[in-house]
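Engineer: You'll find target.cif just under this line, and it carries mmCIF, C-alpha atoms.
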data_work
loop_
_atom_site.group_PDB
_atom_site.id
_atom_site.type_symbol
_atom_site.label_atom_id
_atom_site.label_comp_id
_atom_site.auth_asym_id
_atom_site.auth_seq_id
_atom_site.Cartn_x
_atom_site.Cartn_y
_atom_site.Cartn_z
ATOM 1 C CA MET A 237 5.012 11.232 1.110
ATOM 2 C CA LYS A 238 2.163 8.940 0.085
ATOM 3 C CA THR A 239 0.305 9.126 -3.193
ATOM 4 C CA PRO A 240 -3.424 9.979 -3.066
ATOM 5 C CA GLU A 241 -4.427 6.379 -3.852
ATOM 6 C CA MET A 242 -2.218 5.075 -1.020
ATOM 7 C CA LYS A 243 -3.769 7.570 1.417
ATOM 8 C CA VAL A 244 -7.281 6.557 0.339
ATOM 9 C CA ALA A 245 -6.376 2.866 0.693
ATOM 10 C CA ASP A 246 -5.253 3.584 4.262
ATOM 11 C CA TYR A 247 -8.449 5.505 5.055
ATOM 12 C CA LEU A 248 -10.642 2.653 3.800
ATOM 13 C CA SER A 249 -8.528 -0.162 5.279
ATOM 14 C CA ASN A 250 -8.680 1.492 8.694
ATOM 15 C CA ASP A 251 -12.454 2.007 8.654
ATOM 16 C CA GLU A 252 -13.552 -0.715 11.069
ATOM 17 C CA ARG A 253 -17.220 -0.515 10.058
ATOM 18 C CA LEU A 254 -16.440 -0.888 6.349
ATOM 19 C CA VAL A 255 -14.052 -3.784 6.983
ATOM 20 C CA ALA A 256 -16.644 -5.520 9.189
ATOM 21 C CA ILE A 257 -19.358 -5.238 6.508
ATOM 22 C CA MET A 258 -17.014 -6.631 3.858
ATOM 23 C CA ASN A 259 -15.875 -9.499 6.110
ATOM 24 C CA GLU A 260 -19.466 -10.400 6.928
ATOM 25 C CA LEU A 261 -20.407 -10.712 3.244
ATOM 26 C CA ARG A 262 -17.256 -12.406 1.889
ATOM 27 C CA GLU A 263 -17.349 -16.172 1.388
ATOM 28 C CA ASP A 264 -13.541 -16.508 1.365
ATOM 29 C CA LYS A 265 -12.183 -15.540 4.771
ATOM 30 C CA LEU A 266 -8.985 -13.504 4.457
ATOM 31 C CA SER A 267 -6.156 -12.647 6.840
ATOM 32 C CA TYR A 268 -5.849 -9.141 5.341
ATOM 33 C CA VAL A 269 -8.125 -6.289 4.280
ATOM 34 C CA PRO A 270 -8.719 -6.534 0.501
ATOM 35 C CA VAL A 271 -8.170 -2.885 -0.434
ATOM 36 C CA PHE A 272 -5.805 -2.677 -3.404
ATOM 37 C CA THR A 273 -4.082 0.159 -5.280
ATOM 38 C CA SER A 274 -3.783 -2.005 -8.401
ATOM 39 C CA THR A 275 -5.646 -4.969 -9.815
ATOM 40 C CA PRO A 276 -5.084 -8.018 -7.612
ATOM 41 C CA ASP A 277 -3.700 -11.311 -8.880
ATOM 42 C CA ASP A 278 -6.026 -13.326 -11.152
ATOM 43 C CA THR A 279 -6.286 -16.099 -8.544
ATOM 44 C CA PHE A 280 -7.947 -13.618 -6.159
ATOM 45 C CA ILE A 281 -10.507 -12.276 -8.645
ATOM 46 C CA LYS A 282 -13.553 -14.478 -8.134
ATOM 47 C CA ALA A 283 -17.050 -14.014 -6.755
ATOM 48 C CA SER A 284 -16.171 -15.664 -3.424
ATOM 49 C CA SER A 285 -13.561 -12.918 -2.793
ATOM 50 C CA ALA A 286 -16.161 -10.146 -3.071
ATOM 51 C CA PRO A 287 -16.540 -7.587 -1.666
ATOM 52 C CA TRP A 288 -13.115 -6.110 -2.315
ATOM 53 C CA ILE A 289 -11.943 -2.609 -3.255
ATOM 54 C CA ARG A 290 -9.530 -1.221 -5.859
ATOM 55 C CA ILE A 291 -8.311 2.391 -5.818
ATOM 56 C CA THR A 292 -6.668 3.963 -8.865
ATOM 57 C CA PRO A 293 -5.522 7.494 -9.628
ATOM 58 C CA ILE A 294 -7.362 9.571 -12.215
ATOM 59 C CA PRO A 295 -4.957 11.443 -14.514
ATOM 60 C CA GLY A 296 -4.883 15.194 -14.172
ATOM 61 C CA ASP A 297 -3.200 17.702 -11.946
ATOM 62 C CA ASP A 298 -5.562 20.454 -10.834
ATOM 63 C CA ALA A 299 -4.045 23.044 -8.528
ATOM 64 C CA ILE A 300 -4.344 26.659 -7.433
ATOM 65 C CA TYR A 301 -1.154 28.693 -7.520
ATOM 66 C CA SER A 302 0.031 31.594 -5.404
ATOM 67 C CA ASP A 303 3.293 33.397 -6.207
ATOM 68 C CA ASP A 304 4.132 30.743 -8.821
ATOM 69 C CA ALA A 305 3.913 27.929 -6.255
ATOM 70 C CA ARG A 306 1.222 25.341 -5.713
ATOM 71 C CA PHE A 307 -1.021 26.412 -2.883
ATOM 72 C CA PHE A 308 -3.894 23.894 -3.178
ATOM 73 C CA GLU A 309 -4.076 20.583 -5.020
ATOM 74 C CA TYR A 310 -7.126 18.570 -6.048
ATOM 75 C CA PRO A 311 -6.138 14.908 -6.354
ATOM 76 C CA ARG A 312 -8.621 12.613 -8.087
ATOM 77 C CA ILE A 313 -9.047 8.917 -7.512
ATOM 78 C CA GLN A 314 -11.434 6.189 -8.600
ATOM 79 C CA VAL A 315 -12.755 3.701 -6.064
ATOM 80 C CA ASP A 316 -14.196 0.478 -7.466
ATOM 81 C CA PHE A 317 -15.651 -2.357 -5.460
ATOM 82 C CA TRP A 318 -17.203 -5.666 -6.338
ATOM 83 C CA ILE A 319 -20.081 -7.311 -4.538
ATOM 84 C CA ARG A 320 -21.857 -10.591 -5.269
ATOM 85 C CA GLU A 321 -25.226 -10.099 -6.962
ATOM 86 C CA GLU A 322 -26.899 -12.054 -4.153
ATOM 87 C CA ASP A 323 -25.687 -9.365 -1.706
ATOM 88 C CA ASP A 324 -26.778 -6.386 -3.803
ATOM 89 C CA GLU A 325 -29.189 -5.221 -1.072
ATOM 90 C CA ARG A 326 -26.026 -4.233 0.862
ATOM 91 C CA LEU A 327 -24.464 -2.374 -2.092
ATOM 92 C CA MET A 328 -25.736 1.030 -0.978
ATOM 93 C CA GLU A 329 -24.508 0.438 2.569
ATOM 94 C CA ILE A 330 -20.938 -0.153 1.349
ATOM 95 C CA GLN A 331 -21.134 2.690 -1.163
ATOM 96 C CA GLU A 332 -22.357 5.097 1.509
ATOM 97 C CA ARG A 333 -19.706 3.971 4.000
ATOM 98 C CA ILE A 334 -16.949 4.593 1.425
ATOM 99 C CA TYR A 335 -18.420 8.040 0.727
ATOM 100 C CA GLU A 336 -18.632 8.934 4.427
ATOM 101 C CA THR A 337 -15.076 7.801 5.089
ATOM 102 C CA LEU A 338 -13.566 9.691 2.164
ATOM 103 C CA HIS A 339 -15.715 12.772 2.786
ATOM 104 C CA SER A 340 -14.365 12.916 6.344
ATOM 105 C CA HIS A 341 -10.851 13.061 4.832
ATOM 106 C CA GLY A 342 -11.560 15.887 2.390
ATOM 107 C CA TYR A 343 -12.747 13.951 -0.683
ATOM 108 C CA GLU A 344 -16.023 14.579 -2.500
ATOM 109 C CA ARG A 345 -17.657 12.152 -4.922
ATOM 110 C CA TYR A 346 -18.545 13.560 -8.341
ATOM 111 C CA TYR A 347 -19.489 10.388 -10.234
ATOM 112 C CA LYS A 348 -20.910 6.948 -9.401
ATOM 113 C CA ASN A 349 -22.241 3.974 -11.344
ATOM 114 C CA SER A 350 -22.875 0.258 -10.926
ATOM 115 C CA TYR A 351 -23.461 -2.584 -13.353
ATOM 116 C CA PRO A 352 -23.117 -6.371 -13.600
ATOM 117 C CA ASP A 353 -19.456 -7.100 -14.285
ATOM 118 C CA PRO A 354 -19.245 -8.928 -17.628
ATOM 119 C CA ASP A 355 -15.831 -10.349 -16.656
ATOM 120 C CA LEU A 356 -16.784 -11.636 -13.203
ATOM 121 C CA ASP A 357 -19.900 -13.805 -13.221
ATOM 122 C CA GLY A 358 -22.258 -13.205 -10.338
ATOM 123 C CA CYS A 359 -20.776 -9.848 -9.321
ATOM 124 C CA VAL A 360 -21.779 -6.210 -9.592
ATOM 125 C CA MET A 361 -19.017 -3.634 -10.106
ATOM 126 C CA VAL A 362 -19.561 -0.317 -8.366
ATOM 127 C CA THR A 363 -17.415 2.631 -9.365
ATOM 128 C CA ALA A 364 -17.107 6.140 -7.975
ATOM 129 C CA ASN A 365 -14.804 9.060 -8.705
ATOM 130 C CA PHE A 366 -13.655 11.387 -5.946
ATOM 131 C CA GLU A 367 -11.779 14.676 -5.841
ATOM 132 C CA GLY A 368 -9.767 15.668 -2.799
ATOM 133 C CA PHE A 369 -8.548 18.963 -1.454
ATOM 134 C CA GLU A 370 -5.036 19.347 -0.068
ATOM 135 C CA GLU A 371 -3.272 22.479 1.073
ATOM 136 C CA ARG A 372 0.423 22.487 0.262
ATOM 137 C CA ASN A 373 2.495 23.337 3.305
ATOM 138 C CA ASP A 374 5.912 23.021 1.684
ATOM 139 C CA MET A 375 6.198 26.651 0.479
#
Can the structure from this file be put into structure tokens for me?
Structural biologist:
Amino acid sequence: MKTPEMKVADYLSNDERLVAIMNELREDKLSYVPVFTSTPDDTFIKASSAPWIRITPIPGDDAIYSDDARFFEYPRIQVDFWIREEDDERLMEIQERIYETLHSHGYERYYKNSYPDPDLDGCVMVTANFEGFEERNDM
């Protein structure tokens, strides 16, 4: 069984349109899709690697119970991506593509923000929080 952040990483990594947009904008050409479930190695974190995505779980464990068993769960994840400031006119396109992909898999965004990343010169960090909906079938 995969964790919510691993499932979301798979959804985003397999979205051909999202991957194509990211590849088009990235200066460093990669042999893999840069969607991570933890912070990548320091050697990767540079403006020429952007855009790239990081998915992390949000603590909490919302659920609906029936007969003392979990019936529905609401996993929460945070999706961050970085884009070079010079490409910021494409920011909304990537943000919307991530939303559409996750929405099609039962996740809804409830928070979003973007700002120049003080730790990565020349990049904007975009962050969004999503909540999923999963029916438990193991009862």
Engineer: Using only C-alpha atoms, determine which residues lie at most 9 Å from segment 320-326 of chain A, disregarding the query and same-chain residues fewer than 6 positions distant; provide the list as a list in words.
Structural biologist: Ile257, Leu261, Arg262, Ala283, Ser284, Ser285, Ala286, Pro287, Pro352, Asp357, Gly358, Cys359, Val360 and Met361 of chain A
Engineer: Run the PyMOL selection byres ((chain A and resi 243) around 12) on the file and write out the hits as a PDB file with C-alpha atoms, in the frame of the given file.
Structural biologist:
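Dumped to selection39.pdb:
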ATOM      1  CA  MET A 237       5.012  11.232   1.110  1.00  0.00           C
ATOM      2  CA  LYS A 238       2.163   8.940   0.085  1.00  0.00           C
ATOM      3  CA  THR A 239       0.305   9.126  -3.193  1.00  0.00           C
ATOM      4  CA  PRO A 240      -3.424   9.979  -3.066  1.00  0.00           C
ATOM      5  CA  GLU A 241      -4.427   6.379  -3.852  1.00  0.00           C
ATOM      6  CA  MET A 242      -2.218   5.075  -1.020  1.00  0.00           C
ATOM      7  CA  VAL A 244      -7.281   6.557   0.339  1.00  0.00           C
ATOM      8  CA  ALA A 245      -6.376   2.866   0.693  1.00  0.00           C
ATOM      9  CA  ASP A 246      -5.253   3.584   4.262  1.00  0.00           C
ATOM     10  CA  TYR A 247      -8.449   5.505   5.055  1.00  0.00           C
ATOM     11  CA  LEU A 248     -10.642   2.653   3.800  1.00  0.00           C
ATOM     12  CA  SER A 249      -8.528  -0.162   5.279  1.00  0.00           C
ATOM     13  CA  ASN A 250      -8.680   1.492   8.694  1.00  0.00           C
ATOM     14  CA  VAL A 271      -8.170  -2.885  -0.434  1.00  0.00           C
ATOM     15  CA  PHE A 272      -5.805  -2.677  -3.404  1.00  0.00           C
ATOM     16  CA  THR A 273      -4.082   0.159  -5.280  1.00  0.00           C
ATOM     17  CA  ILE A 291      -8.311   2.391  -5.818  1.00  0.00           C
ATOM     18  CA  THR A 292      -6.668   3.963  -8.865  1.00  0.00           C
ATOM     19  CA  PRO A 293      -5.522   7.494  -9.628  1.00  0.00           C
ATOM     20  CA  PRO A 311      -6.138  14.908  -6.354  1.00  0.00           C
ATOM     21  CA  ARG A 312      -8.621  12.613  -8.087  1.00  0.00           C
ATOM     22  CA  ILE A 313      -9.047   8.917  -7.512  1.00  0.00           C
ATOM     23  CA  THR A 337     -15.076   7.801   5.089  1.00  0.00           C
ATOM     24  CA  LEU A 338     -13.566   9.691   2.164  1.00  0.00           C
ATOM     25  CA  HIS A 341     -10.851  13.061   4.832  1.00  0.00           C
ATOM     26  CA  GLY A 342     -11.560  15.887   2.390  1.00  0.00           C
ATOM     27  CA  TYR A 343     -12.747  13.951  -0.683  1.00  0.00           C
ATOM     28  CA  GLY A 368      -9.767  15.668  -2.799  1.00  0.00           C
ATOM     29  CA  GLU A 370      -5.036  19.347  -0.068  1.00  0.00           C
TER      30      GLU A 370
END
Engineer: Measuring between all atoms listed in the file, which one of A:Ile334, A:Ile289, A:Ile281, A:Glu252 shows the shortest distance to Asp264 of chain A?
Structural biologist: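 Looking only at the distances to Asp264 of chain A, the closest residue turns out to be A:Ile281.
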Engineer: May I ask for the distance between atom CA of Glu367 of chain A and atom CA of Ala256 of chain A, given in Å to one decimal place?
Structural biologist: 25.6 Å
Engineer: Which of these residues is nearest to Asp251 of chain A, using only C-alpha atoms: A:Lys348, A:Arg333, A:Lys282, A:Arg290?
Structural biologist: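 When distances to Asp251 of chain A are compared using only C-alpha atoms, the smallest one comes from A:Arg333.
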Engineer: Report, in Å to a single decimal, how far apart atom CA of His339 of chain A and atom CA of Phe369 of chain A are.
Structural biologist: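 These atoms are spaced 10.4 Å apart.
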Engineer: Quick one: distance from atom CA of Ile294 of chain A to atom CA of Gln314 of chain A in Å, one decimal?
Structural biologist: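 These two atoms are separated by 6.4 Å.
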Engineer: Nearest residue to Gly296 of chain A out of A:Glu371, A:Ser340, A:Glu309, A:Glu260, using all atoms listed in the file?
Structural biologist: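 Closest residue, counting all atoms listed in the file: A:Glu309.
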Engineer: Could you check which of A:Val362, A:Trp288, A:Glu344, A:Pro270 is closest to Leu327 of chain A, using only C-alpha atoms?
Structural biologist: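 Among the listed residues, A:Val362 lies closest to Leu327 of chain A.
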